[in-house]
file my_file-v9.txt (compact mmCIF, C-alpha atoms)
# COMPACT_ATOMS: atom_id res chain seq x y z
CA MET A 5 14.19 -1.50 -17.81
CA ASP A 6 15.11 2.17 -18.06
CA PRO A 7 18.79 2.67 -16.96
CA ALA A 8 17.93 6.10 -15.57
CA ARG A 9 15.24 4.59 -13.36
CA LEU A 10 17.62 1.91 -12.14
CA ALA A 11 20.26 4.52 -11.33
CA GLY A 12 17.74 6.66 -9.47
CA GLY A 13 16.55 3.67 -7.47
CA GLY A 14 20.13 2.80 -6.57
CA VAL A 15 20.81 6.31 -5.31
CA LEU A 16 17.65 6.27 -3.18
CA LEU A 17 18.49 2.89 -1.68
CA PHE A 18 21.99 4.16 -0.86
CA LEU A 19 20.54 7.20 0.90
CA LEU A 20 18.06 5.07 2.86
CA CYS A 21 20.83 2.75 3.98
CA GLY A 22 22.82 5.75 5.16
CA ALA A 23 19.79 7.04 7.03
CA ALA A 24 19.43 3.73 8.85
CA ALA A 25 22.38 4.65 11.06
CA PHE A 26 20.32 7.44 12.61
CA SER A 27 17.18 7.32 14.67
CA GLN A 28 14.14 9.53 14.43
CA PRO A 29 12.81 11.37 17.50
CA LEU A 30 10.82 9.15 19.84
CA VAL A 31 7.13 9.75 20.46
CA TYR A 32 5.18 8.01 23.21
CA LEU A 33 1.94 6.75 21.67
CA GLU A 34 -1.09 6.01 23.79
CA ALA A 35 -4.62 5.26 22.55
CA VAL A 36 -7.30 4.88 25.22
CA GLY A 37 -10.84 3.82 24.42
CA SER A 38 -14.01 4.16 26.43
CA PRO A 39 -15.28 1.51 26.51
CA PRO A 40 -12.13 -0.44 25.62
CA GLU A 41 -12.56 -2.43 22.39
CA ALA A 42 -9.65 -4.57 21.24
CA LYS A 43 -10.50 -4.51 17.52
CA LEU A 44 -11.21 -0.78 17.35
CA GLY A 45 -8.19 -0.04 19.53
CA GLY A 46 -6.01 -2.04 17.15
CA VAL A 47 -7.22 0.02 14.18
CA VAL A 48 -6.64 3.33 15.97
CA THR A 49 -3.24 2.38 17.39
CA GLY A 50 -1.94 0.68 14.26
CA THR A 51 -3.00 3.50 11.94
CA ALA A 52 -1.65 6.23 14.23
CA LYS A 53 1.64 4.33 14.55
CA LEU A 54 1.99 4.11 10.77
CA GLU A 55 1.35 7.82 10.29
CA LEU A 56 3.84 8.76 13.02
CA VAL A 57 6.50 6.61 11.35
CA GLN A 58 5.79 8.28 8.01
CA ALA A 59 6.13 11.66 9.75
CA GLY A 60 9.71 10.86 10.77
CA LEU A 61 9.04 9.69 14.33
CA LYS A 62 9.62 6.45 16.23
CA PRO A 63 6.56 5.39 18.22
CA VAL A 64 7.04 3.67 21.55
CA GLY A 65 4.34 2.85 24.04
CA SER A 66 3.29 1.28 27.28
CA ARG A 67 3.53 -2.48 27.77
CA THR A 68 0.63 -2.33 30.23
CA ALA A 69 -2.95 -1.24 29.62
CA HIS A 70 -4.11 2.00 31.17
CA ALA A 71 -7.62 2.58 32.43
CA PRO A 72 -9.74 4.99 30.38
CA ALA A 73 -9.97 7.25 33.45
CA SER A 74 -6.18 7.69 33.64
CA SER A 75 -5.25 11.36 33.66
CA ASP A 76 -3.31 13.01 30.89
CA ARG A 77 -0.59 13.71 33.43
CA THR A 78 -0.10 9.95 33.85
CA PHE A 79 0.77 9.64 30.18
CA VAL A 80 3.06 12.68 30.23
CA LEU A 81 5.05 11.11 33.08
CA ALA A 82 5.15 7.77 31.24
CA ALA A 83 6.50 9.54 28.15
CA LYS A 84 9.22 11.21 30.20
CA GLU A 85 10.22 7.89 31.76
CA SER A 86 10.52 6.34 28.29
CA GLY A 87 12.89 9.09 27.16
CA SER A 88 10.46 10.36 24.51
CA PRO A 89 10.35 14.13 23.94
CA PHE A 90 6.77 13.90 22.69
CA LEU A 91 3.47 12.31 23.66
CA PHE A 92 0.78 11.47 21.11
CA LEU A 93 -2.43 10.77 23.01
CA VAL A 94 -5.68 9.55 21.47
CA ARG A 95 -8.81 9.25 23.56
CA TYR A 96 -11.80 7.81 21.75
CA THR A 97 -15.35 6.68 22.41
CA SER A 98 -17.50 4.61 20.11
CA THR A 99 -21.20 4.54 19.29
CA PRO A 100 -23.07 2.33 16.82
CA GLU A 101 -22.66 5.06 14.20
CA ALA A 102 -19.37 6.86 14.87
CA VAL A 103 -16.06 7.08 16.66
CA VAL A 104 -15.39 10.30 18.56
CA MET A 105 -11.70 11.07 18.99
CA ASP A 106 -9.69 13.66 20.91
CA LEU A 107 -6.07 13.78 19.71
CA SER A 108 -3.24 15.63 21.46
CA PHE A 109 0.40 16.15 20.58
CA VAL A 110 2.38 17.16 23.68
CA ASP A 111 5.93 18.44 24.06
CA VAL A 112 6.76 16.65 27.31
CA THR A 113 10.08 18.47 27.69
CA LYS A 114 8.13 21.72 28.12
CA ASP A 115 4.89 20.25 29.53
CA ARG A 116 3.04 21.99 26.72
CA ILE A 117 0.27 20.80 24.41
CA LEU A 118 1.34 21.74 20.89
CA LYS A 119 -1.89 20.84 19.11
CA GLU A 120 -5.28 19.29 19.87
CA ARG A 121 -8.01 18.08 17.54
CA HIS A 122 -11.54 16.78 18.03
CA GLU A 123 -12.79 14.41 15.33
CA THR A 124 -16.05 12.55 14.77
CA LEU A 125 -15.55 9.73 12.29
CA PRO A 126 -18.38 7.55 10.90
CA LEU A 127 -18.04 3.82 11.43
CA SER A 128 -17.40 2.46 7.94
CA LEU A 129 -15.07 0.18 6.02
CA ASP A 130 -12.62 3.04 5.46
CA LEU A 131 -12.35 3.97 9.15
CA ASP A 132 -8.58 3.37 9.11
CA SER A 133 -8.07 5.87 6.28
CA ARG A 134 -10.20 8.44 8.14
CA VAL A 135 -8.13 7.91 11.28
CA ALA A 136 -4.97 8.31 9.18
CA SER A 137 -6.24 11.62 7.78
CA ALA A 138 -7.07 12.89 11.27
CA VAL A 139 -3.58 12.03 12.53
CA GLN A 140 -2.00 13.66 9.47
CA ARG A 141 -3.93 16.88 10.04
CA LEU A 142 -2.62 17.09 13.59
CA ILE A 143 1.05 16.27 12.98
CA GLU A 144 1.23 18.55 9.94
CA ASP A 145 0.37 21.56 12.09
CA PRO A 146 3.24 24.10 11.90
CA SER A 147 3.82 24.11 15.67
CA VAL A 148 4.14 20.32 15.71
CA ARG A 149 6.45 20.22 12.72
CA GLU A 150 8.70 22.92 14.17
CA ALA A 151 8.99 21.04 17.45
CA ILE A 152 9.92 17.81 15.66
CA ALA A 153 12.48 19.62 13.53
CA ARG A 154 14.19 21.00 16.66
CA VAL A 155 14.90 17.54 18.05
CA PRO A 156 18.37 16.39 16.87
CA HIS A 157 18.72 13.04 15.14
CA THR A 158 21.12 10.84 17.08
CA PRO A 159 22.84 7.50 16.37
CA GLU A 160 20.59 4.47 16.69
CA ARG A 161 20.14 3.08 20.19
CA ALA A 162 18.00 0.45 21.78
CA ALA A 163 14.43 1.25 22.76
CA PRO A 164 14.16 2.42 26.38
CA PRO A 165 12.91 0.05 29.08
CA GLY A 166 9.15 -0.10 29.22
CA GLY A 167 8.83 0.85 25.54
CA ALA A 168 7.22 -1.33 22.97
CA GLY A 169 10.07 -0.88 20.55
CA THR A 170 10.20 0.87 17.23
CA VAL A 171 8.19 0.32 14.11
CA GLY A 172 8.91 0.69 10.43
CA THR A 173 11.95 1.75 8.46
CA PRO A 174 13.93 5.01 8.39
CA VAL A 175 12.02 7.73 6.62
CA ARG A 176 12.89 10.87 4.76
CA PRO A 177 12.28 14.12 6.61
CA GLN A 178 9.33 15.31 4.48
CA MET A 179 6.19 15.02 6.55
CA THR A 180 3.83 14.06 3.75
CA GLU A 181 5.89 11.50 1.84
CA ARG A 182 5.66 7.74 2.14
CA SER A 183 8.31 6.19 4.31
CA SER A 184 10.20 4.02 1.84
CA TRP A 185 10.18 1.74 -1.14
CA ALA A 186 8.28 -1.50 -0.63
CA PHE A 187 8.01 -4.67 -2.69
CA THR A 188 4.57 -5.60 -3.98
CA PHE A 189 3.20 -8.70 -5.66
CA SER A 190 -0.16 -9.87 -7.03
CA GLY A 191 -1.72 -12.52 -9.20
CA GLN A 192 -4.99 -12.83 -11.04
CA ALA A 193 -7.04 -15.33 -13.04
CA SER A 194 -9.73 -14.55 -15.58
CA PRO A 195 -11.57 -15.65 -18.67
CA LEU A 196 -10.66 -13.75 -21.84
CA LEU A 197 -13.72 -12.76 -23.86
CA LEU A 198 -12.56 -12.11 -27.43
CA VAL A 199 -13.83 -9.11 -29.39
CA GLY A 200 -12.94 -7.67 -32.80
CA GLY A 201 -11.17 -9.57 -35.58
CA GLY A 202 -9.68 -12.22 -33.32
CA SER A 203 -13.15 -13.45 -32.33
CA THR A 204 -13.47 -14.89 -35.84
CA TYR A 205 -10.85 -17.47 -34.90
CA PHE A 206 -11.10 -17.66 -31.11
CA ARG A 207 -14.19 -17.54 -28.94
CA TYR A 208 -12.61 -17.17 -25.53
CA GLY A 209 -9.51 -17.86 -23.50
CA ALA A 210 -8.31 -18.62 -19.96
CA ASP A 211 -5.69 -16.29 -18.54
CA VAL A 212 -3.42 -16.14 -15.51
CA SER A 213 -0.95 -13.32 -14.87
CA PHE A 214 1.41 -12.07 -12.18
CA PHE A 215 2.82 -8.68 -11.25
CA GLY A 216 5.91 -8.00 -9.17
CA GLY A 217 7.36 -4.58 -8.49
CA VAL A 218 7.92 -1.78 -6.01
CA GLN A 219 5.69 0.70 -4.24
CA LEU A 220 7.22 4.12 -4.92
CA PRO A 221 7.65 6.58 -2.01
CA VAL A 222 5.09 9.19 -3.06
CA SER A 223 2.40 10.83 -0.98
CA ARG A 224 -1.38 10.80 -1.18
CA ILE A 225 -1.59 8.01 -3.78
CA SER A 226 -0.36 4.47 -4.31
CA LEU A 227 2.08 4.40 -7.24
CA GLN A 228 3.74 1.16 -8.31
CA THR A 229 5.91 0.00 -11.18
CA GLY A 230 7.20 -3.41 -12.08
CA VAL A 231 7.14 -6.44 -14.36
CA GLN A 232 4.15 -8.45 -15.48
CA LEU A 233 4.14 -12.05 -16.75
CA GLY A 234 1.13 -13.89 -18.14
CA ALA A 235 -0.05 -16.96 -19.98
CA THR A 236 -3.30 -17.49 -21.88
CA GLN A 237 -4.77 -20.49 -23.62
CA LEU A 238 -7.00 -19.54 -26.56
CA PHE A 239 -9.82 -21.83 -27.63
CA PRO A 240 -10.36 -21.76 -31.41
CA VAL A 241 -13.73 -21.80 -33.11
CA PRO A 242 -14.40 -25.49 -33.91
CA GLY A 243 -13.41 -26.41 -37.44
CA LEU A 244 -11.24 -23.34 -38.13
CA LEU A 245 -7.99 -24.13 -36.32
CA PRO A 246 -7.62 -27.81 -35.46
CA GLY A 247 -5.14 -27.43 -32.65
CA SER A 248 -4.17 -25.33 -29.64
CA ALA A 249 -3.10 -21.70 -29.34
CA TYR A 250 -1.32 -19.94 -26.49
CA LEU A 251 -0.15 -16.47 -25.53
CA PHE A 252 2.86 -15.80 -23.32
CA LEU A 253 3.21 -12.18 -22.16
CA ALA A 254 6.12 -10.29 -20.59
CA GLY A 255 6.32 -6.54 -20.12
CA LEU A 256 6.42 -3.50 -17.86
CA GLU A 257 3.46 -2.17 -15.94
CA ALA A 258 2.53 0.91 -13.88
CA ARG A 259 -0.27 1.05 -11.31
CA VAL A 260 -1.94 3.96 -9.52
CA GLY A 261 -4.59 3.83 -6.83
CA THR A 262 -5.90 5.06 -3.53
CA PRO A 263 -3.23 4.82 -0.83
CA PRO A 264 -2.91 2.41 2.08
CA PRO A 265 -3.94 1.92 4.84
CA ALA A 266 -7.50 2.13 3.46
CA THR A 267 -9.42 -1.14 3.76
CA VAL A 268 -11.26 -0.64 0.45
CA ARG A 269 -9.10 0.57 -2.41
CA ILE A 270 -9.57 1.30 -6.11
CA GLY A 271 -6.97 1.73 -8.83
CA ALA A 272 -5.99 1.41 -12.46
CA ARG A 273 -3.09 -0.15 -14.32
CA ALA A 274 -1.52 0.03 -17.77
CA GLY A 275 1.32 -1.91 -19.34
CA GLY A 276 2.78 -3.41 -22.45
CA GLY A 277 5.59 -5.48 -23.83
CA ALA A 278 6.18 -8.57 -25.95
CA ALA A 279 3.70 -11.38 -26.59
CA VAL A 280 4.69 -14.78 -27.94
CA ILE A 281 1.87 -16.43 -29.90
CA MET A 282 2.34 -20.19 -30.16
CA VAL A 283 0.11 -22.40 -32.29
CA GLN A 284 0.24 -26.20 -32.13
CA MET A 285 -1.64 -27.76 -35.05
CA GLN A 286 -2.73 -31.37 -34.84
CA GLY A 287 0.08 -33.54 -36.18
CA GLY A 288 2.40 -30.57 -36.73
CA SER A 289 5.24 -28.89 -34.90
CA PRO A 290 4.67 -25.77 -32.80
CA GLN A 291 4.94 -22.41 -34.54
CA ALA A 292 5.58 -19.18 -32.68
CA THR A 293 5.84 -15.49 -33.40
CA THR A 294 6.57 -12.48 -31.20
CA VAL A 295 4.45 -9.34 -31.43
CA PRO A 296 3.76 -6.32 -29.19
CA PHE A 297 0.85 -6.10 -26.77
CA VAL A 298 -0.76 -3.57 -24.45
CA ASP A 299 -3.19 -4.11 -21.62
CA GLY A 300 -4.79 -2.33 -18.71
CA GLY A 301 -7.62 -2.44 -16.25
CA VAL A 302 -9.53 -0.87 -13.39
CA ALA A 303 -9.84 -2.68 -10.07
CA ALA A 304 -11.25 -2.62 -6.56
CA SER A 305 -10.08 -4.64 -3.58
CA VAL A 306 -10.72 -5.26 0.11
CA ARG A 307 -7.88 -5.88 2.55
CA ILE A 308 -8.47 -9.15 4.39
CA VAL A 309 -5.38 -9.60 6.60
CA GLY A 310 -2.25 -7.51 6.94
CA ALA A 311 -1.33 -6.14 3.52
CA VAL A 312 -3.07 -8.95 1.62
CA ALA A 313 -6.16 -8.00 -0.36
CA LEU A 314 -8.76 -9.75 -2.49
CA GLY A 315 -10.31 -7.91 -5.40
CA VAL A 316 -11.93 -7.82 -8.80
CA GLU A 317 -10.71 -6.21 -12.00
CA LEU A 318 -12.08 -5.45 -15.43
CA GLY A 319 -9.14 -5.66 -17.82
CA TYR A 320 -8.56 -5.30 -21.56
CA LEU A 321 -5.87 -6.98 -23.66
CA ALA A 322 -4.75 -6.19 -27.21
CA VAL A 323 -2.15 -8.35 -28.99
CA PHE A 324 -1.11 -6.89 -32.34
CA GLU A 325 -0.83 -9.91 -34.61
CA SER A 326 -1.23 -8.85 -38.24
CA GLU A 327 -3.51 -11.67 -39.45
CA TYR A 328 -5.70 -12.32 -36.42
CA PRO A 329 -5.20 -9.67 -33.68
CA VAL A 330 -6.25 -10.86 -30.26
CA MET A 331 -8.31 -8.37 -28.29
CA GLY A 332 -10.64 -9.05 -25.42
CA LEU A 333 -12.15 -8.19 -22.06
CA ALA A 334 -10.85 -9.95 -18.95
CA PRO A 335 -13.01 -9.86 -15.79
CA ALA A 336 -10.58 -11.13 -13.16
CA LEU A 337 -10.26 -12.16 -9.54
CA THR A 338 -7.11 -10.78 -7.91
CA VAL A 339 -5.08 -11.49 -4.79
CA GLY A 340 -1.94 -9.80 -3.53
CA THR A 341 -0.58 -6.55 -2.14
CA SER A 342 -0.78 -4.45 -5.30
CA TRP A 343 -4.18 -2.85 -4.86
call {"tool": "encode", "arguments": {"input": "my_file-v9.txt", "output": "structure tokens"}}
result
Amino acid sequence: MDPARLAGGGVLLFLLCGAAAFSQPLVYLEAVGSPPEAKLGGVVTGTAKLELVQAGLKPVGSRTAHAPASSDRTFVLAAKESGSPFLFLVRYTSTPEAVVMDLSFVDVTKDRILKERHETLPLSLDLDSRVASAVQRLIEDPSVREAIARVPHTPERAAPPGGAGTVGTPVRPQMTERSSWAFTFSGQASPLLLVGGGSTYFRYGADVSFFGGVQLPVSRISLQTGVQLGATQLFPVPGLLPGSAYLFLAGLEARVGTPPPATVRIGARAGGGAAVIMVQMQGGSPQATTVPFVDGGVAASVRIVGAVALGVELGYLAVFESEYPVMGLAPALTVGTSW
């Protein structure tokens, strides 16, 4: 592990801990659908809440459902009662093909609408990412950003009565950056289809590997770095190597992909490190050697619940053993939070 990277991570964690003693400005979030649909409302509310947190705000909201016909003034008064200086209101209607949204960001202290947007979003698997983009476009408007910047940050206090509480972790003031570091983990299993010189000795293999690391706080993309561990059993060509062969891998890995909260995501990874090749001949003692390896892959995944996703990957592994290098394709099934 690079000492400079470790030092930089330590400094960032120190700053985030210091920031935890301060609260971000409150914003009263209300999403009203016509007709009300629990599943669609959850997508709209959850995605808007995440984007507001990443913008440096603390969303609070009503504990009781409001009728779609409720006036905007009702929500402005509710925001004032909660102690929030801002109201973020989303009104939406749905059709079999699209979701039509009207978004408003209101400065309730001045009874003034700072920015409004009208959006028509197609109903598709990436609806949450489209909602996120619409919210980002509104809150990145200069008038909205200036109003947020004018609100002083005060010591942390409990959420006001009637509020739904706060969400997320303290964030840095930049509007377009991700809120914080986050741990990520994934595992995968695949056959290893040998190619090149190694296929003379081995026909195929069975591989399992694991990745654990951190999601870096960058904007617009998903960027991760961490450690990978893997184990592979190689199956020799009958008659050439009477015994068993194994690979044990350990190294560093970097991953880049489309950002959350998209339901369908794609990405790529690359890594390398040390591979231990162990051969157990029939009637003999195990022999092992350590050599370098590199691997990588491209992947696609679908989020199934929370941050957990299932996916597929086409990977490639190269182990640089001088006499019989092991290289092969690895079509894998993946599960975790990494893609």
call {"tool": "closest_residue", "arguments": {"input": "my_file-v9.txt", "among": "A:Leu30, A:Val139, A:Ala35, A:Leu56", "to": "A:Asp111", "atoms": "all atoms listed in the file"}}
result
A:Leu30
call {"tool": "closest_residue", "arguments": {"input": "my_file-v9.txt", "among": "A:Ala292, A:Val94, A:Val339, A:Ile143", "to": "A:Val309", "atoms": "only C-alpha atoms"}}
result
A:Val339
call {"tool": "closest_residue", "arguments": {"input": "my_file-v9.txt", "among": "A:Tyr328, A:Phe79, A:Tyr250, A:Tyr320", "to": "A:Leu196", "atoms": "only C-alpha atoms"}}
result
A:Tyr320
call {"tool": "closest_residue", "arguments": {"input": "my_file-v9.txt", "among": "A:Thr341, A:Ser88, A:Pro335, A:Thr262", "to": "A:Gly217", "atoms": "only C-alpha atoms"}}
result
A:Thr341
call {"tool": "atom_distance", "arguments": {"input": "my_file-v9.txt", "atom1": "atom CA of A:Glu120", "atom2": "atom CA of A:Ser108"}}
result
4.5 Å
call {"tool": "residues_around", "arguments": {"input": "my_file-v9.txt", "residues": "A:Glu317", "least_positions_apart": "6", "cutoff": "7 Å", "atoms": "all atoms listed in the file", "output": "count of residues only"}}
result
7
call {"tool": "atom_distance", "arguments": {"input": "my_file-v9.txt", "atom1": "atom CA of A:Val48", "atom2": "atom CA of A:Asp132"}}
result
7.1 Å
call {"tool": "atom_distance", "arguments": {"input": "my_file-v9.txt", "atom1": "atom CA of A:Phe297", "atom2": "atom CA of A:Phe324"}}
result
6.0 Å
call {"tool": "closest_residue", "arguments": {"input": "my_file-v9.txt", "among": "A:Met282, A:Val64, A:Leu127, A:Ile117", "to": "A:Glu101", "atoms": "all atoms listed in the file"}}
result
A:Leu127
call {"tool": "residues_around", "arguments": {"input": "my_file-v9.txt", "residues": "A:Ser128", "least_positions_apart": "3", "cutoff": "12 Å", "atoms": "only C-alpha atoms", "output": "NGL selection string"}}
result
:A and (44 or 100-103 or 125 or 131-135 or 266-268)
call {"tool": "closest_residue", "arguments": {"input": "my_file-v9.txt", "among": "A:Leu245, A:Ala186, A:Ile281, A:Ile225", "to": "A:Arg259", "atoms": "all atoms listed in the file"}}
result
A:Ile225
